[in-house]
>>> print(open('entry_4.cif').read())   # mmCIF, C-alpha atoms (C1' of nucleotides)
data_final
loop_
_atom_site.label_atom_id
_atom_site.label_comp_id
_atom_site.auth_asym_id
_atom_site.auth_seq_id
_atom_site.Cartn_x
_atom_site.Cartn_y
_atom_site.Cartn_z
CA MET A 146 10.74 -41.17 -11.07
CA GLU A 147 10.14 -37.69 -12.35
CA GLU A 148 6.54 -36.63 -12.47
CA ASP A 149 5.33 -35.64 -15.89
CA VAL A 150 4.17 -32.14 -15.10
CA ARG A 151 2.29 -31.54 -18.31
CA SER A 152 -0.31 -29.04 -17.28
CA VAL A 153 -3.99 -28.95 -17.19
CA TRP A 154 -5.07 -29.31 -20.79
CA MET A 155 -3.87 -31.99 -23.25
CA SER A 156 -7.43 -32.79 -24.04
CA LEU A 157 -6.70 -34.86 -27.12
CA ARG A 158 -4.66 -37.19 -24.92
CA TYR A 159 -7.42 -37.61 -22.36
CA GLY A 160 -10.09 -37.83 -25.02
CA LEU A 161 -8.31 -40.84 -26.48
CA LEU A 162 -7.74 -42.34 -23.06
CA GLY A 163 -11.42 -41.89 -22.26
CA LEU A 164 -12.55 -43.57 -25.44
CA LEU A 165 -10.13 -46.43 -24.84
CA ALA A 166 -11.52 -46.84 -21.32
CA GLU A 167 -14.69 -48.09 -23.02
CA GLY A 168 -12.80 -50.84 -24.79
CA PRO A 169 -9.96 -51.58 -27.22
CA ALA A 170 -9.87 -49.71 -30.52
CA SER A 171 -7.50 -48.79 -33.32
CA GLY A 172 -6.39 -45.31 -34.30
CA TYR A 173 -8.73 -45.44 -37.22
CA ASP A 174 -11.69 -46.40 -35.02
CA LEU A 175 -10.82 -43.66 -32.58
CA ALA A 176 -10.59 -41.05 -35.30
CA ARG A 177 -14.12 -41.87 -36.43
CA ARG A 178 -15.57 -42.07 -32.93
CA PHE A 179 -13.91 -38.80 -31.99
CA GLU A 180 -15.35 -37.15 -35.07
CA GLN A 181 -18.87 -38.50 -34.55
CA MET A 182 -19.17 -38.09 -30.80
CA LEU A 183 -16.95 -35.22 -29.94
CA GLY A 184 -16.29 -33.66 -33.33
CA SER A 185 -18.08 -30.40 -32.74
CA VAL A 186 -16.79 -29.78 -29.24
CA TRP A 187 -13.31 -31.14 -29.78
CA PRO A 188 -11.94 -31.60 -33.30
CA ALA A 189 -9.07 -34.06 -33.73
CA GLN A 190 -7.06 -34.77 -36.84
CA GLN A 191 -6.12 -38.33 -37.77
CA PRO A 192 -2.37 -37.70 -37.90
CA LYS A 193 -2.44 -36.18 -34.44
CA ILE A 194 -4.36 -39.15 -33.09
CA TYR A 195 -1.79 -41.64 -34.34
CA ALA A 196 1.02 -39.56 -32.95
CA GLU A 197 -0.63 -39.27 -29.55
CA LEU A 198 -1.36 -43.01 -29.45
CA ASN A 199 2.31 -43.75 -29.99
CA ARG A 200 3.23 -41.36 -27.22
CA LEU A 201 0.65 -42.91 -24.87
CA ALA A 202 1.96 -46.38 -25.67
CA ALA A 203 5.54 -45.28 -25.05
CA GLU A 204 4.49 -43.99 -21.64
CA GLY A 205 2.68 -47.20 -20.80
CA LEU A 206 -0.78 -45.66 -20.52
CA ILE A 207 -2.04 -47.87 -23.32
CA GLU A 208 -0.73 -51.04 -24.95
CA VAL A 209 -1.23 -52.92 -28.19
CA GLU A 210 -4.06 -55.39 -27.69
CA SER A 211 -4.00 -57.05 -31.11
CA GLU A 212 -2.71 -56.65 -34.62
CA GLY A 213 -5.14 -57.20 -37.47
CA PRO A 214 -5.20 -57.04 -41.23
CA ARG A 215 -3.95 -53.93 -43.03
CA ARG A 216 -1.42 -53.14 -40.30
CA ARG A 217 -4.30 -52.53 -37.95
CA LYS A 218 -3.21 -52.12 -34.37
CA ALA A 219 -5.84 -52.11 -31.64
CA TYR A 220 -4.91 -50.52 -28.33
CA ARG A 221 -6.10 -51.29 -24.84
CA ILE A 222 -5.90 -48.92 -21.88
CA THR A 223 -3.63 -50.05 -19.04
CA GLU A 224 -4.19 -49.77 -15.31
CA GLU A 225 -1.87 -46.81 -15.30
CA GLY A 226 -3.83 -45.22 -18.12
CA LEU A 227 -7.08 -45.62 -16.23
CA ARG A 228 -5.50 -44.02 -13.19
CA ALA A 229 -4.27 -41.16 -15.36
CA ILE A 230 -7.64 -40.28 -16.84
CA ARG A 231 -9.45 -40.65 -13.51
CA GLU A 232 -6.87 -38.36 -11.99
CA TRP A 233 -7.40 -35.83 -14.79
CA LEU A 234 -11.16 -35.97 -14.43
CA THR A 235 -11.18 -35.45 -10.69
CA SER A 236 -8.19 -33.37 -9.70
CA GLY A 237 -7.43 -31.59 -12.98
CA GLU A 238 -8.54 -28.00 -13.21
CA VAL A 239 -11.18 -27.50 -15.89
CA ASP A 240 -9.95 -25.26 -18.68
CA HIS A 241 -12.97 -23.11 -19.47
CA THR A 242 -11.39 -21.54 -22.50
CA LEU A 243 -13.95 -21.37 -25.25
CA ARG A 244 -13.37 -20.08 -28.73
CA SER A 245 -16.22 -19.23 -30.99
CA GLN A 246 -15.48 -17.30 -34.12
CA SER A 247 -19.24 -16.93 -34.60
CA LEU A 248 -19.56 -15.00 -31.36
CA LEU A 249 -16.39 -13.02 -31.95
CA ARG A 250 -17.83 -11.88 -35.26
CA SER A 251 -21.05 -10.80 -33.63
CA ALA A 252 -19.24 -7.98 -31.86
CA PHE A 253 -18.50 -6.52 -35.29
CA PHE A 254 -21.88 -6.86 -36.93
CA TRP A 255 -22.13 -3.08 -37.08
CA LEU A 256 -19.48 -3.15 -39.80
CA MET A 257 -21.69 -5.23 -42.08
CA GLU A 258 -24.32 -4.09 -44.53
CA PRO A 259 -27.84 -4.94 -43.31
CA GLN A 260 -28.60 -7.39 -46.09
CA GLU A 261 -25.23 -9.11 -45.67
CA LEU A 262 -25.88 -9.42 -41.97
CA ARG A 263 -29.31 -10.88 -42.59
CA ARG A 264 -27.86 -13.48 -44.94
CA HIS A 265 -25.09 -14.26 -42.48
CA LEU A 266 -27.48 -14.76 -39.57
CA GLU A 267 -29.72 -17.00 -41.64
CA THR A 268 -26.79 -19.23 -42.53
CA GLU A 269 -25.63 -19.29 -38.93
CA ALA A 270 -29.09 -20.10 -37.60
CA ALA A 271 -29.38 -22.98 -40.07
CA PHE A 272 -26.02 -24.37 -39.09
CA PHE A 273 -26.70 -24.18 -35.37
CA ALA A 274 -30.17 -25.70 -35.79
CA GLN A 275 -28.68 -28.57 -37.74
CA GLU A 276 -26.12 -29.30 -35.04
CA ALA A 277 -28.82 -29.05 -32.38
CA ALA A 278 -30.91 -31.57 -34.31
CA ARG A 279 -27.96 -33.92 -34.62
CA TYR A 280 -27.48 -34.03 -30.87
CA ARG A 281 -31.19 -34.20 -30.21
CA GLY A 282 -31.36 -37.15 -32.60
CA PHE A 283 -28.73 -38.97 -30.63
CA ALA A 284 -30.40 -38.18 -27.31
CA GLU A 285 -33.76 -39.44 -28.54
CA ALA A 286 -32.26 -42.62 -29.98
CA LYS A 287 -30.62 -43.28 -26.64
CA ASP A 288 -33.88 -42.62 -24.81
CA ARG A 289 -35.58 -45.14 -27.10
CA GLY A 290 -32.98 -47.62 -25.91
CA GLU A 291 -31.19 -47.97 -29.23
CA PHE A 292 -27.76 -47.98 -27.65
CA GLY A 293 -28.49 -50.15 -24.64
CA ASP A 294 -28.02 -48.78 -21.16
CA GLY A 295 -24.39 -49.02 -20.06
CA PRO A 296 -22.76 -46.33 -17.95
CA GLN A 297 -20.92 -45.10 -21.04
CA THR A 298 -24.09 -44.50 -23.03
CA ARG A 299 -25.60 -42.70 -20.08
CA SER A 300 -22.58 -40.37 -20.07
CA LEU A 301 -22.91 -39.91 -23.79
CA ARG A 302 -26.55 -39.07 -23.26
CA ILE A 303 -25.54 -36.30 -20.88
CA ALA A 304 -22.93 -35.03 -23.33
CA ALA A 305 -25.50 -35.06 -26.13
CA GLU A 306 -27.87 -33.06 -24.00
CA ALA A 307 -25.16 -30.44 -23.61
CA GLY A 308 -24.56 -30.33 -27.36
CA HIS A 309 -28.26 -30.04 -27.99
CA ARG A 310 -28.81 -27.24 -25.50
CA LEU A 311 -25.71 -25.36 -26.57
CA TYR A 312 -26.52 -25.35 -30.27
CA GLN A 313 -30.21 -24.78 -29.68
CA ALA A 314 -29.32 -21.70 -27.65
CA LEU A 315 -27.11 -20.46 -30.48
CA ALA A 316 -29.79 -21.16 -33.08
CA ASP A 317 -32.36 -19.26 -31.02
CA TRP A 318 -29.88 -16.44 -30.59
CA ALA A 319 -29.25 -16.17 -34.33
CA GLU A 320 -33.02 -15.95 -34.89
CA TRP A 321 -33.33 -13.33 -32.18
CA ALA A 322 -30.38 -11.38 -33.59
CA GLN A 323 -32.14 -11.10 -36.93
CA SER A 324 -35.06 -9.24 -35.44
CA ALA A 325 -32.78 -7.20 -33.18
CA ALA A 326 -30.73 -6.16 -36.20
CA ALA A 327 -33.85 -5.48 -38.28
CA GLN A 328 -35.02 -2.86 -35.79
CA GLU A 329 -31.90 -0.85 -36.53
CA ARG A 330 -33.31 0.38 -39.82
CA MET B 629 1.10 -7.38 -55.77
CA GLU B 630 0.79 -10.84 -54.36
CA GLU B 631 -2.39 -11.60 -52.49
CA ASP B 632 -1.92 -12.63 -48.91
CA VAL B 633 -3.68 -15.96 -48.97
CA ARG B 634 -3.83 -16.47 -45.23
CA SER B 635 -6.89 -18.62 -44.77
CA VAL B 636 -10.11 -18.29 -43.04
CA TRP B 637 -9.28 -17.93 -39.39
CA MET B 638 -6.71 -15.47 -37.88
CA SER B 639 -9.32 -14.29 -35.48
CA LEU B 640 -6.97 -12.39 -33.21
CA ARG B 641 -6.00 -10.23 -36.17
CA TYR B 642 -9.59 -9.43 -37.09
CA GLY B 643 -10.58 -9.01 -33.48
CA LEU B 644 -8.00 -6.25 -33.16
CA LEU B 645 -8.99 -4.72 -36.46
CA GLY B 646 -12.63 -4.75 -35.38
CA LEU B 647 -11.88 -3.03 -32.10
CA LEU B 648 -9.76 -0.43 -33.88
CA ALA B 649 -12.61 0.22 -36.29
CA GLU B 650 -14.42 1.75 -33.32
CA GLY B 651 -11.62 4.23 -32.75
CA PRO B 652 -7.90 4.58 -32.03
CA ALA B 653 -6.43 2.63 -29.15
CA SER B 654 -3.11 1.38 -27.79
CA GLY B 655 -2.06 -2.22 -27.37
CA TYR B 656 -2.68 -1.91 -23.68
CA ASP B 657 -6.19 -0.57 -24.22
CA LEU B 658 -6.92 -3.32 -26.71
CA ALA B 659 -5.70 -6.02 -24.35
CA ARG B 660 -8.13 -4.84 -21.70
CA ARG B 661 -11.06 -4.39 -24.04
CA PHE B 662 -10.43 -7.79 -25.58
CA GLU B 663 -10.37 -9.36 -22.15
CA GLN B 664 -13.53 -7.63 -20.95
CA MET B 665 -15.65 -7.89 -24.07
CA LEU B 666 -14.45 -10.98 -25.81
CA GLY B 667 -12.44 -12.70 -23.13
CA SER B 668 -14.60 -15.73 -22.68
CA VAL B 669 -15.24 -16.39 -26.35
CA TRP B 670 -11.82 -15.42 -27.59
CA PRO B 671 -8.87 -15.24 -25.17
CA ALA B 672 -5.93 -13.12 -26.25
CA GLN B 673 -2.59 -12.70 -24.51
CA GLN B 674 -0.96 -9.30 -24.26
CA PRO B 675 2.31 -10.33 -25.94
CA LYS B 676 0.41 -11.74 -28.88
CA ILE B 677 -1.57 -8.55 -29.23
CA TYR B 678 1.55 -6.39 -29.43
CA ALA B 679 3.07 -8.74 -31.96
CA GLU B 680 -0.03 -8.74 -34.13
CA LEU B 681 -0.29 -4.95 -33.96
CA ASN B 682 3.23 -4.64 -35.27
CA ARG B 683 2.43 -7.01 -38.09
CA LEU B 684 -0.77 -5.13 -38.94
CA ALA B 685 1.14 -1.85 -38.98
CA ALA B 686 3.84 -3.32 -41.23
CA GLU B 687 1.12 -4.41 -43.66
CA GLY B 688 -0.49 -0.99 -43.59
CA LEU B 689 -3.81 -2.13 -42.14
CA ILE B 690 -3.30 0.13 -39.15
CA GLU B 691 -1.03 3.09 -38.44
CA VAL B 692 0.31 4.94 -35.42
CA GLU B 693 -2.12 7.71 -34.55
CA SER B 694 -0.24 9.25 -31.66
CA GLU B 695 2.51 8.62 -29.18
CA GLY B 696 1.86 9.39 -25.56
CA PRO B 697 3.60 9.16 -22.22
CA ARG B 698 5.19 5.88 -21.12
CA ARG B 699 6.01 4.87 -24.69
CA ARG B 700 2.31 4.63 -25.38
CA LYS B 701 1.48 4.20 -29.04
CA ALA B 702 -2.12 4.55 -30.16
CA TYR B 703 -3.07 2.96 -33.45
CA ARG B 704 -5.72 3.95 -35.95
CA ILE B 705 -7.23 1.67 -38.58
CA THR B 706 -6.50 2.60 -42.19
CA GLU B 707 -8.83 2.49 -45.18
CA GLU B 708 -7.14 -0.70 -46.21
CA GLY B 709 -7.66 -2.16 -42.76
CA LEU B 710 -11.34 -1.35 -42.85
CA ARG B 711 -11.62 -3.02 -46.23
CA ALA B 712 -9.82 -6.07 -44.84
CA ILE B 713 -12.14 -6.60 -41.90
CA ARG B 714 -15.28 -5.95 -43.95
CA GLU B 715 -14.01 -8.47 -46.47
CA TRP B 716 -13.41 -11.00 -43.71
CA LEU B 717 -16.83 -10.43 -42.20
CA THR B 718 -18.71 -10.84 -45.44
CA SER B 719 -16.82 -13.22 -47.68
CA GLY B 720 -14.79 -15.17 -45.14
CA GLU B 721 -16.04 -18.62 -44.29
CA VAL B 722 -17.08 -18.90 -40.66
CA ASP B 723 -14.92 -21.32 -38.75
CA HIS B 724 -17.38 -23.15 -36.54
CA THR B 725 -14.73 -24.98 -34.61
CA LEU B 726 -15.63 -24.92 -30.95
CA ARG B 727 -13.59 -26.38 -28.15
CA SER B 728 -15.07 -26.98 -24.78
CA GLN B 729 -13.13 -29.06 -22.34
CA SER B 730 -16.20 -29.05 -20.11
CA LEU B 731 -18.26 -30.84 -22.72
CA LEU B 732 -15.44 -33.16 -23.68
CA ARG B 733 -15.22 -34.22 -20.05
CA SER B 734 -18.92 -34.91 -19.88
CA ALA B 735 -18.50 -37.86 -22.25
CA PHE B 736 -16.37 -39.48 -19.57
CA PHE B 737 -18.48 -38.82 -16.50
CA TRP B 738 -19.04 -42.55 -16.14
CA LEU B 739 -15.41 -42.84 -15.04
CA MET B 740 -16.00 -40.59 -12.03
CA GLU B 741 -17.22 -41.51 -8.58
CA PRO B 742 -20.79 -40.24 -7.97
CA GLN B 743 -19.83 -37.80 -5.25
CA GLU B 744 -16.92 -36.47 -7.28
CA LEU B 745 -19.24 -35.98 -10.23
CA ARG B 746 -21.75 -34.16 -8.07
CA ARG B 747 -19.07 -31.83 -6.79
CA HIS B 748 -17.77 -31.27 -10.30
CA LEU B 749 -21.20 -30.45 -11.70
CA GLU B 750 -21.90 -28.02 -8.88
CA THR B 751 -18.68 -26.15 -9.58
CA GLU B 752 -19.40 -26.13 -13.28
CA ALA B 753 -22.96 -24.89 -12.80
CA ALA B 754 -21.70 -22.09 -10.58
CA PHE B 755 -19.10 -21.03 -13.11
CA PHE B 756 -21.52 -21.04 -16.02
CA ALA B 757 -24.14 -19.18 -14.02
CA GLN B 758 -21.61 -16.53 -13.12
CA GLU B 759 -20.60 -16.00 -16.73
CA ALA B 760 -24.26 -15.88 -17.76
CA ALA B 761 -24.86 -13.21 -15.13
CA ARG B 762 -21.90 -11.22 -16.35
CA TYR B 763 -23.28 -11.04 -19.86
CA ARG B 764 -26.82 -10.44 -18.64
CA GLY B 765 -25.48 -7.57 -16.58
CA PHE B 766 -23.93 -5.98 -19.62
CA ALA B 767 -27.08 -6.50 -21.69
CA GLU B 768 -29.26 -4.90 -19.03
CA ALA B 769 -26.91 -1.96 -18.59
CA LYS B 770 -27.03 -1.38 -22.33
CA ASP B 771 -30.84 -1.62 -22.34
CA ARG B 772 -30.91 1.00 -19.57
CA GLY B 773 -28.94 3.20 -21.95
CA GLU B 774 -25.75 3.26 -19.92
CA PHE B 775 -23.53 2.94 -22.97
CA GLY B 776 -25.38 5.24 -25.31
CA ASP B 777 -26.81 3.96 -28.54
CA GLY B 778 -24.17 3.82 -31.24
CA PRO B 779 -24.06 1.03 -33.81
CA GLN B 780 -21.10 -0.49 -31.96
CA THR B 781 -22.96 -0.79 -28.67
CA ARG B 782 -25.90 -2.32 -30.47
CA SER B 783 -23.54 -4.97 -31.86
CA LEU B 784 -22.08 -5.50 -28.45
CA ARG B 785 -25.60 -5.90 -27.10
CA ILE B 786 -26.16 -8.72 -29.61
CA ALA B 787 -22.86 -10.34 -28.69
CA ALA B 788 -23.72 -10.10 -25.00
CA GLU B 789 -27.05 -11.77 -25.66
CA ALA B 790 -25.16 -14.67 -27.25
CA GLY B 791 -22.84 -14.95 -24.25
CA HIS B 792 -25.78 -14.84 -21.90
CA ARG B 793 -27.79 -17.50 -23.74
CA LEU B 794 -24.77 -19.73 -24.24
CA TYR B 795 -23.68 -19.75 -20.61
CA GLN B 796 -27.24 -19.89 -19.32
CA ALA B 797 -27.80 -23.01 -21.45
CA LEU B 798 -24.65 -24.56 -20.01
CA ALA B 799 -25.63 -23.64 -16.45
CA ASP B 800 -29.07 -25.20 -16.95
CA TRP B 801 -27.43 -28.25 -18.45
CA ALA B 802 -25.09 -28.69 -15.48
CA GLU B 803 -28.13 -28.52 -13.17
CA TRP B 804 -30.01 -31.01 -15.32
CA ALA B 805 -26.99 -33.31 -15.44
CA GLN B 806 -26.91 -33.49 -11.66
CA SER B 807 -30.38 -34.97 -11.51
CA ALA B 808 -29.71 -37.18 -14.53
CA ALA B 809 -26.60 -38.54 -12.85
CA ALA B 810 -28.38 -38.93 -9.50
CA GLN B 811 -30.88 -41.35 -11.03
CA GLU B 812 -28.02 -43.69 -11.83
CA ARG B 813 -27.80 -44.86 -8.27
"C1'" DT C 459 -9.39 -58.51 -63.73
"C1'" DT C 460 -9.23 -54.34 -62.56
"C1'" DG C 461 -10.36 -50.24 -60.46
"C1'" DG C 462 -12.25 -47.70 -56.73
"C1'" DA C 463 -13.55 -47.05 -52.03
"C1'" DA C 464 -12.82 -47.68 -47.35
"C1'" DC C 465 -9.46 -49.29 -44.23
"C1'" DA C 466 -5.19 -48.15 -41.95
"C1'" DT C 467 -0.93 -45.64 -40.46
"C1'" DG C 468 2.02 -42.51 -40.71
"C1'" DT C 469 5.91 -38.17 -41.89
"C1'" DA C 470 6.90 -33.38 -42.31
"C1'" DC C 471 6.04 -28.96 -41.89
"C1'" DC C 472 3.32 -24.86 -40.52
"C1'" DT C 473 0.77 -21.63 -37.56
"C1'" DA C 474 -1.51 -19.86 -33.83
"C1'" DG C 475 -1.67 -19.30 -29.51
"C1'" DG C 476 0.28 -19.87 -24.43
"C1'" DT C 477 3.79 -18.85 -20.86
"C1'" DA C 478 7.76 -16.91 -18.65
"C1'" DC C 479 10.26 -13.28 -18.20
"C1'" DA C 480 12.41 -8.49 -18.97
"C1'" DT C 481 12.08 -3.65 -18.87
"C1'" DG C 482 10.92 0.97 -18.53
"C1'" DT C 483 7.46 5.04 -17.05
"C1'" DG C 484 4.52 8.08 -14.56
"C1'" DA C 485 1.23 9.05 -10.80
"C1'" DA C 486 -0.25 8.82 -6.15
"C1'" DG C 487 0.09 8.03 -1.54
"C1'" DA C 488 2.84 6.78 2.95
"C1'" DT D 709 11.54 10.84 -0.55
"C1'" DC D 710 10.50 6.41 -1.44
"C1'" DT D 711 7.79 2.78 -2.70
"C1'" DT D 712 4.24 0.76 -4.97
"C1'" DC D 713 1.02 0.11 -8.49
"C1'" DA D 714 -0.99 0.58 -12.89
"C1'" DC D 715 0.52 1.81 -17.30
"C1'" DA D 716 2.98 0.22 -21.31
"C1'" DT D 717 5.66 -2.70 -24.60
"C1'" DG D 718 7.99 -6.13 -25.72
"C1'" DT D 719 11.49 -10.90 -26.46
"C1'" DA D 720 12.06 -15.79 -26.40
"C1'" DC D 721 10.62 -20.08 -26.23
"C1'" DC D 722 7.15 -23.82 -26.01
"C1'" DT D 723 3.15 -26.68 -27.27
"C1'" DA D 724 -0.83 -28.08 -29.34
"C1'" DG D 725 -3.11 -28.47 -33.02
"C1'" DG D 726 -3.82 -27.96 -38.45
"C1'" DT D 727 -2.63 -29.28 -43.24
"C1'" DA D 728 -0.46 -31.57 -47.04
"C1'" DC D 729 1.08 -35.43 -48.57
"C1'" DA D 730 2.82 -40.44 -48.83
"C1'" DT D 731 1.88 -45.21 -48.64
"C1'" DG D 732 0.23 -49.79 -48.31
"C1'" DT D 733 -4.00 -53.10 -47.86
"C1'" DT D 734 -8.29 -55.55 -48.28
"C1'" DC D 735 -12.74 -55.93 -50.13
"C1'" DC D 736 -16.25 -55.55 -53.40
"C1'" DA D 737 -18.49 -54.69 -57.51
"C1'" DA D 738 -18.47 -53.73 -62.48
#
>>> encode(input="entry_4.cif", output="structure tokens")
Amino acid sequence: MEEDVRSVWMSLRYGLLGLLAEGPASGYDLARRFEQMLGSVWPAQQPKIYAELNRLAAEGLIEVESEGPRRRKAYRITEEGLRAIREWLTSGEVDHTLRSQSLLRSAFFWLMEPQELRRHLETEAAFFAQEAARYRGFAEAKDRGEFGDGPQTRSLRIAAEAGHRLYQALADWAEWAQSAAAQER
Amino acid sequence: MEEDVRSVWMSLRYGLLGLLAEGPASGYDLARRFEQMLGSVWPAQQPKIYAELNRLAAEGLIEVESEGPRRRKAYRITEEGLRAIREWLTSGEVDHTLRSQSLLRSAFFWLMEPQELRRHLETEAAFFAQEAARYRGFAEAKDRGEFGDGPQTRSLRIAAEAGHRLYQALADWAEWAQSAAAQER
DNA sequence: TTGGAACATGTACCTAGGTACATGTGAAGA
DNA sequence: TCTTCACATGTACCTAGGTACATGTTCCAA
């Protein structure tokens, strides 16, 4: 009975397990849900999702629930799978690694021409504002009761709040940076 | 003269190039500066830094400036290297991919026991607040004039503001999430 | 009836970054 | 003098994720 000592991360794996904890779904479903819900904090490619599902099934953390048209296979999480994600959520160390090329670039703004920088910051501000709006939209829809009131939607509401605040902060920053950079002239 | 069509990203490469644009430095210096300045938005391991420096030198984007004691090699950016990073900064598409395991986890909070969740959010809030303080500290030191007033420090000031706002937003969110989750009872 | 779009699942290969470990050097203090 | 620590540079291997491409299916609308 050797323990599978795969370390801390493996977020794609636990992302899929978490989504499947809500109910059965196919790889295709999961790819879309991942993209919509988690896309901007955790990108996942379709091919990788299918591969991981097969691995999870082989390990008994999920199982095929039904087979539908077009070779569709829906998976269901097993007891063992539920244990695994709960274990990850509670005892797993949080990996705080964050990568933002946007912020990395900001350390090198001094290498850019003023008008290029202005253009860049405008584009960035627009992008961040758009993402912020997307999450705010979800949060408001939830608050209007559009998605019912299960525990899952309440979690999603909390996640959406994070997305909203995060991107709003970045949008505000990009605005602020424009005036900060303008004073350099 | 074949163009090197390496795509958009390669941030480690441009991070190093950007730091070297400020002045000559050794791999060891760069590893520390990377860690201090950019560590939480772009982690970089020492071995990878040395490897990338060798590659950059082979491509003529940087060159050895001096050799010191203990096998120390300091690199200097070349004209071509400067062109390369400016090109990346202005014409390169920004990769907005962001990965936050913290936020990914938040979509699955409903799977956690209330007291576990409370503990988790407290730890998270503390971590985010600490990072926010770190960046705020740098920003304030710069505003007091502790780092002089070159174009580079002004850029760093802007980057620090981003780090501060980002982590402050996350810290506030973690606080907010605690009360949001508490109402579930 | 036919053609396109969305559904659905993969294989194969590539790249970037992460981790473990090895090795040597010079300075400073016990 | 000896040890320890920070300085300094790497090699080798692993893993996770990214990209390109292949393939078959059902439905719907022109």
>>> atom_distance(input="entry_4.cif", atom1="CA of Ala712 in chain B", atom2="CA of Val186 in chain A")
29.2 Å
>>> resolve_selection(input="entry_4.cif", expression="the PyMOL selection byres ((chain A) within 12 of (chain C))", output="list in words")
Ser152, Trp154, Ser171, Gly172, Tyr173, Asp174, Leu175, Ala176, Arg177, Gln191, Pro192, Lys193, Ile194, Tyr195, Ala196, Glu197, Leu198, Asn199, Glu212, Gly213, Pro214, Arg215, Arg216, Arg217, Lys218, Ala219, Thr242 and Arg244 of chain A
>>> interface_residues(input="entry_4.cif", of="chain A", to="chain B", cutoff="7 Å", atoms="all atoms listed in the file", output="MDAnalysis selection string")
chainID A and resid 163 183 185:187 231 235 239:249 251:257 261 296:297 300:301 303:304 307 310:311 314:315 318 322
>>> closest_residue(input="entry_4.cif", among="D:DA724, D:DC715, D:DC736, D:DC729", to="chain A", atoms="all atoms listed in the file")
D:DA724
>>> interface_residues(input="entry_4.cif", of="chain D", to="chain A", cutoff="10 Å", atoms="all atoms listed in the file", output="tab-separated table (two decimals) with C-alpha atoms (C1' of nucleotides), in the coordinates of the input")
chain	number	residue	atom	x	y	z
D	723	DT	C1'	3.15	-26.68	-27.27
D	724	DA	C1'	-0.83	-28.08	-29.34
D	725	DG	C1'	-3.11	-28.47	-33.02
D	726	DG	C1'	-3.82	-27.96	-38.45
D	727	DT	C1'	-2.63	-29.28	-43.24
D	732	DG	C1'	0.23	-49.79	-48.31
D	733	DT	C1'	-4.00	-53.10	-47.86
D	734	DT	C1'	-8.29	-55.55	-48.28
>>> atom_distance(input="entry_4.cif", atom1="CA of Gly168 in chain A", atom2="CA of Gly226 in chain A")
12.5 Å
>>> atom_distance(input="entry_4.cif", atom1="CA of Ile207 in chain A", atom2="CA of Thr223 in chain A")
5.1 Å
